[in-house]
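Worksheet: one structure, shown below.
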Amino acid sequence: MSARRCSTLSSSTAPASSDPSHEVPSGEDLSREEPSREGGLSQDPCDGPSRGLWSVDGHLDDILATVSPLEPIELQLPDAQGCVLVEDVTVPVALPPFDNSSMDGYAVRVADVAGATEEYPAVLTVIGDVAAGAGGLPVVGPGQAARIMTGAPLPPGAEAVVPVEWTDGGTGGGAASGMRAASAAPEGAGGEVRVHRAAEARAHVRARGSDVQAGDLALEAGTVLGPPQIGLLAAIGRGTVRVRPRPRVVVISTGSELVQPGGELGEGQIYDSNSFALAAAARDAGAIAYRVGAVTDDAETLRATIEDQLIRADLLVTTGGVSVGAYDVVKEALTTEGQFEGQVDFRKLAMQPGKPQGFGTIGPEHTPLLALPGNPVSSYVSFELFVRPAIRALMGLDDLHRPRVTAALKADKALTSPSGRRQFLRGTYDAESGTVTPVGGAGSHLIAALAHADALLVVPEEVTEVAPGSTLEVVLLG
């Protein structure tokens, strides 16, 4: 964190509530973004040294300098999904652990089926069944075959497997299409089978260790455990694994004007969207997200809510109430002395949208808190730039950011951008043509346009106009 602070919050409050599921009404603040000031340094102690504003990169650096990866824990496999492995995992036993059949058919000796055709089939004596998981395997001798199922161990003496479709299935007729259930036709485990095609040695046999050998590296530290990785761990016998847990992110939106979706709108009210969007974005980033109902514009209520939520938060995210209005409740609640242990900065950044931002740590565990603006586009862009990297840093990942590419602007006219601000515009990216097309305008309330965008166009601070065909940096959103 920078040494310059807008507020210092000291002295811890009463203990947090033991009920982590406490909720208050949910919401989204439409706090205005203050117009950019021209000229030299601002007298506002929250402003940074560049044109009276903090840089986007400097603000992110402060956040990442404070956020540390969560401590590793041992988790059962179902609970480890989405977590980051903190140790190399080696294979204790070969996979597969024995030679086994890749087909339903008959285990045979190669010499016994050499030259077999439909006209002159090889006739073999069936000595029994070999099912997956079977023990006490029969020994296949000359002129013999064992009926074998997919995944079953290759019995001693057998050198190959012929699929059931290459045989008469023991019926004495033409080519079989399958086997009858053993319970319905137990006689299939005996008698004779006619084989219509020859087989080479090891045909349709999965060799022991053909997947991985004992001692091989199964997964390396830093791997995010998805379904295939969980499956591999289970296959090599690991019931638990040491990982960094998924961060618990609590999203709190503010605003007395907010109503839960599905409710009735009164005069001057809008539906809460920010808490839903940001909780979804937190889950998309890899976190466990808790969405708290909207808090009214009352500092005491917000302070109580934050105190109550600290018990289940590795990261707190608020939206709304961080600008310069008389009802900017987040700023009021977190700049009141003697309320929380910790400190929070409120800054104005050289960016559009998302100029007003807050960041700090609060509570006895110094839980990181990011305070985002309330306009829907501002809050989402701020999440992508600041909160997503913080979540991934908590997870212990090296790759903190969305992929970025360069693309040519596809537009009917030039784009304009304010001097001294890094502008983030919504757009759609076409990888095939290498172009990006703006969606909607620059307004920070245009949530419909955001819903149709899959990228952010980045216009640098020193650029005030971007002509069609110009190359821009593009942040890919998914």
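All residue names refer to the structure tokens as shown: chains lettered A, B, ... in order, residues numbered from 1 in each chain, ligands numbered from 1 in order.
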Quiz item: Could you pull the residues within 10 Å of segment 112-122 of chain A, counting only C-alpha atoms, minus those fewer than 5 positions along the same chain, as a VMD selection string?
Solution: chain A and resid 141 to 145 160 162 166 to 168 174 to 175 193 to 200
Exercise. For Val329 of chain A, work out the shell of residues within 7 Å, counting only C-alpha atoms and skipping chain neighbours fewer than 5 positions away, then give it as a ChimeraX atom specification.
Key: /A:297-299,321
Quiz prompt | Shell of 8 Å around Tyr380 of chain A, only C-alpha atoms, local chain residues under 6 positions omitted, as a list in words | solution =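 After dropping sequence-adjacent residues, the list is Asn274, Ala277 and Leu278 of chain A.
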Only all heavy atoms, please: the residues just picked out, written as a compact mmCIF listing (two decimals), in the first residue's frame.
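Result file follows (again-v2.txt):
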```
# COMPACT_ATOMS: atom_id res chain seq x y z
N ASN A 274 -25.81 -4.80 -9.49
CA ASN A 274 -24.37 -4.89 -9.21
C ASN A 274 -24.01 -6.09 -8.36
O ASN A 274 -23.04 -6.80 -8.63
CB ASN A 274 -23.88 -3.63 -8.52
CG ASN A 274 -23.70 -2.48 -9.48
OD1 ASN A 274 -23.99 -2.61 -10.67
ND2 ASN A 274 -23.24 -1.35 -8.99
N ALA A 277 -24.11 -9.19 -10.50
CA ALA A 277 -23.05 -9.24 -11.50
C ALA A 277 -21.69 -9.49 -10.86
O ALA A 277 -20.89 -10.30 -11.35
CB ALA A 277 -23.03 -7.93 -12.30
N LEU A 278 -21.40 -8.82 -9.76
CA LEU A 278 -20.08 -8.94 -9.14
C LEU A 278 -19.91 -10.28 -8.44
O LEU A 278 -18.82 -10.85 -8.43
CB LEU A 278 -19.84 -7.79 -8.18
CG LEU A 278 -19.83 -6.39 -8.80
CD1 LEU A 278 -19.38 -5.35 -7.79
CD2 LEU A 278 -18.96 -6.33 -10.05
```
Quiz prompt | Ile288 of chain A environment, 9 Å, only C-alpha atoms, sequence neighbours closer than 5 positions dropped, as a list in words | solution =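 Returned residues: Arg246, Pro247, Arg248, Val249, Val250, Ala279, Ala282 and Arg283 of chain A.
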Quiz prompt | Test item, strand (DSSP E) assignment across segment 300-396 of chain A, answer as a list in words | solution = Leu315, Leu316, Val317, Thr318, Thr319, Gly342, Gln343, Val344, Asp345, Phe346, Arg347, Lys348, Met351, Gln352, Pro356, Gln357, Gly358, Phe359, Gly360, Thr361, Ile362, Thr367, Pro368, Leu369, Leu370, Ala371 and Leu372 of chain A
Just-selected residues, N, CA and C atoms written as a compact mmCIF listing (two decimals), in the first residue's frame:
```txt
# COMPACT_ATOMS: atom_id res chain seq x y z
N LEU A 315 -12.10 -11.57 1.31
CA LEU A 315 -12.06 -10.31 0.57
C LEU A 315 -13.46 -9.73 0.59
N LEU A 316 -13.56 -8.45 0.90
CA LEU A 316 -14.84 -7.74 0.87
C LEU A 316 -14.87 -6.80 -0.33
N VAL A 317 -15.99 -6.79 -1.04
CA VAL A 317 -16.17 -5.88 -2.18
C VAL A 317 -17.46 -5.11 -1.96
N THR A 318 -17.37 -3.79 -1.94
CA THR A 318 -18.57 -2.96 -1.87
C THR A 318 -18.73 -2.25 -3.21
N THR A 319 -19.96 -1.88 -3.52
CA THR A 319 -20.21 -1.14 -4.74
C THR A 319 -21.16 0.01 -4.44
N GLY A 342 -7.82 -1.00 11.06
CA GLY A 342 -7.37 -1.03 9.68
C GLY A 342 -7.43 0.35 9.07
N GLN A 343 -7.22 0.43 7.78
CA GLN A 343 -7.28 1.72 7.11
C GLN A 343 -7.67 1.53 5.65
N VAL A 344 -8.39 2.50 5.12
CA VAL A 344 -8.90 2.44 3.75
C VAL A 344 -8.59 3.76 3.07
N ASP A 345 -8.08 3.67 1.84
CA ASP A 345 -7.85 4.86 1.01
C ASP A 345 -9.02 5.04 0.05
N PHE A 346 -9.44 6.25 -0.15
CA PHE A 346 -10.37 6.57 -1.23
C PHE A 346 -9.64 7.49 -2.19
N ARG A 347 -9.61 7.12 -3.45
CA ARG A 347 -8.80 7.80 -4.45
C ARG A 347 -9.63 8.12 -5.68
N LYS A 348 -9.08 9.02 -6.48
CA LYS A 348 -9.62 9.29 -7.80
C LYS A 348 -8.58 8.82 -8.80
N MET A 351 -8.92 7.14 -14.93
CA MET A 351 -9.57 6.15 -15.79
C MET A 351 -11.02 6.53 -16.00
N GLN A 352 -11.60 5.98 -17.05
CA GLN A 352 -13.02 6.17 -17.33
C GLN A 352 -13.55 4.90 -18.02
N PRO A 356 -13.76 7.02 -9.13
CA PRO A 356 -13.65 6.91 -7.66
C PRO A 356 -13.44 5.46 -7.23
N GLN A 357 -12.42 5.22 -6.43
CA GLN A 357 -12.10 3.87 -5.95
C GLN A 357 -11.67 3.94 -4.49
N GLY A 358 -11.84 2.82 -3.81
CA GLY A 358 -11.35 2.71 -2.44
C GLY A 358 -10.67 1.37 -2.23
N PHE A 359 -9.63 1.35 -1.40
CA PHE A 359 -8.96 0.10 -1.09
C PHE A 359 -8.27 0.20 0.26
N GLY A 360 -8.32 -0.91 1.00
CA GLY A 360 -7.61 -0.98 2.27
C GLY A 360 -7.85 -2.32 2.93
N THR A 361 -7.52 -2.40 4.21
CA THR A 361 -7.77 -3.61 4.98
C THR A 361 -8.51 -3.21 6.25
N ILE A 362 -9.41 -4.09 6.71
CA ILE A 362 -10.19 -3.78 7.90
C ILE A 362 -10.31 -5.01 8.77
N THR A 367 -8.58 -7.91 6.74
CA THR A 367 -9.24 -8.41 5.53
C THR A 367 -9.23 -7.35 4.45
N PRO A 368 -8.76 -7.68 3.23
CA PRO A 368 -8.77 -6.68 2.15
C PRO A 368 -10.19 -6.26 1.80
N LEU A 369 -10.37 -4.98 1.55
CA LEU A 369 -11.66 -4.43 1.13
C LEU A 369 -11.43 -3.56 -0.10
N LEU A 370 -12.18 -3.81 -1.16
CA LEU A 370 -12.15 -2.97 -2.35
C LEU A 370 -13.51 -2.31 -2.49
N ALA A 371 -13.52 -0.99 -2.52
CA ALA A 371 -14.75 -0.22 -2.65
C ALA A 371 -14.84 0.30 -4.09
N LEU A 372 -15.83 -0.19 -4.82
CA LEU A 372 -15.98 0.14 -6.23
C LEU A 372 -17.10 1.15 -6.42
```
Practice problem: Could you please write out, as a list in words, every residue of segment 92-263 of chain A that DSSP assigns to alpha helix (DSSP H)? | Solution: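 Reading the DSSP output for segment 92-263 of chain A, alpha helix (DSSP H) covers Val110, Ala111, Asp112, Val113, Pro227, Pro228, Gln229, Ile230, Gly231, Leu232, Leu233, Ala234 and Ala235 of chain A.
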Quiz item: What is the distance between atom CA of Pro153 of chain A and atom CA of Ala207 of chain A, in Å to one decimal?
Solution: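 That distance, rounded to one decimal, is 10.0 Å.
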Practice problem: Do a neighbour search on segment 80-83 of chain A at 6 Å with only C-alpha atoms, toss out local chain neighbours closer than 5 positions, and write the hits as a ChimeraX atom specification. | Solution: /A:75,224-226,244-246
Quiz item: Do you know which residues are at most 9 Å from Val89 of chain A counting only C-alpha atoms, after dropping those on the same chain fewer than 5 positions away, and could you put them as a PyMOL selection string?
Solution: chain A and resi 216-221+233+241
File dump, residues just selected, N, CA, C and O atoms, as a PDB file, in the first residue's frame:
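See part-v6.pdb below for the written result:
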```
ATOM      1  N   ASP A 216       6.064 -41.277 -11.913  1.00  0.00           N
ATOM      2  CA  ASP A 216       5.874 -40.142 -12.821  1.00  0.00           C
ATOM      3  C   ASP A 216       5.237 -38.964 -12.083  1.00  0.00           C
ATOM      4  O   ASP A 216       4.536 -39.143 -11.076  1.00  0.00           O
ATOM      5  N   LEU A 217       5.474 -37.754 -12.598  1.00  0.00           N
ATOM      6  CA  LEU A 217       4.806 -36.564 -12.074  1.00  0.00           C
ATOM      7  C   LEU A 217       3.381 -36.538 -12.605  1.00  0.00           C
ATOM      8  O   LEU A 217       3.165 -36.464 -13.814  1.00  0.00           O
ATOM      9  N   ALA A 218       2.416 -36.621 -11.703  1.00  0.00           N
ATOM     10  CA  ALA A 218       1.006 -36.587 -12.109  1.00  0.00           C
ATOM     11  C   ALA A 218       0.548 -35.153 -12.332  1.00  0.00           C
ATOM     12  O   ALA A 218       0.013 -34.805 -13.386  1.00  0.00           O
ATOM     13  N   LEU A 219       0.745 -34.310 -11.334  1.00  0.00           N
ATOM     14  CA  LEU A 219       0.361 -32.904 -11.410  1.00  0.00           C
ATOM     15  C   LEU A 219       1.416 -32.080 -10.690  1.00  0.00           C
ATOM     16  O   LEU A 219       1.937 -32.497  -9.650  1.00  0.00           O
ATOM     17  N   GLU A 220       1.711 -30.914 -11.223  1.00  0.00           N
ATOM     18  CA  GLU A 220       2.710 -30.074 -10.580  1.00  0.00           C
ATOM     19  C   GLU A 220       2.061 -28.968  -9.762  1.00  0.00           C
ATOM     20  O   GLU A 220       0.916 -28.571 -10.013  1.00  0.00           O
ATOM     21  N   ALA A 221       2.798 -28.484  -8.776  1.00  0.00           N
ATOM     22  CA  ALA A 221       2.317 -27.387  -7.938  1.00  0.00           C
ATOM     23  C   ALA A 221       1.937 -26.204  -8.829  1.00  0.00           C
ATOM     24  O   ALA A 221       2.609 -25.907  -9.815  1.00  0.00           O
ATOM     25  N   LEU A 233      -6.352 -37.593  -9.802  1.00  0.00           N
ATOM     26  CA  LEU A 233      -5.992 -37.796  -8.390  1.00  0.00           C
ATOM     27  C   LEU A 233      -6.729 -38.992  -7.808  1.00  0.00           C
ATOM     28  O   LEU A 233      -6.144 -39.800  -7.078  1.00  0.00           O
ATOM     29  N   VAL A 241      -5.857 -33.746  -0.903  1.00  0.00           N
ATOM     30  CA  VAL A 241      -4.767 -33.049  -1.580  1.00  0.00           C
ATOM     31  C   VAL A 241      -4.551 -31.708  -0.886  1.00  0.00           C
ATOM     32  O   VAL A 241      -5.488 -31.115  -0.336  1.00  0.00           O
TER      33      VAL A 241
END
```
Quiz item: Looking at A:Val205, A:Ile391, A:Val251, A:Ala333, which one is nearest to Gly293 of chain A, with distances taken over only C-alpha atoms?
Solution: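 Distance minimum relative to Gly293 of chain A lands on A:Val251.
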Exercise. Would you mind reading off the distance between atom CA of Met103 of chain A and atom CA of Gly170 of chain A, one decimal, in Å?
Key: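 It comes out at 16.6 Å.
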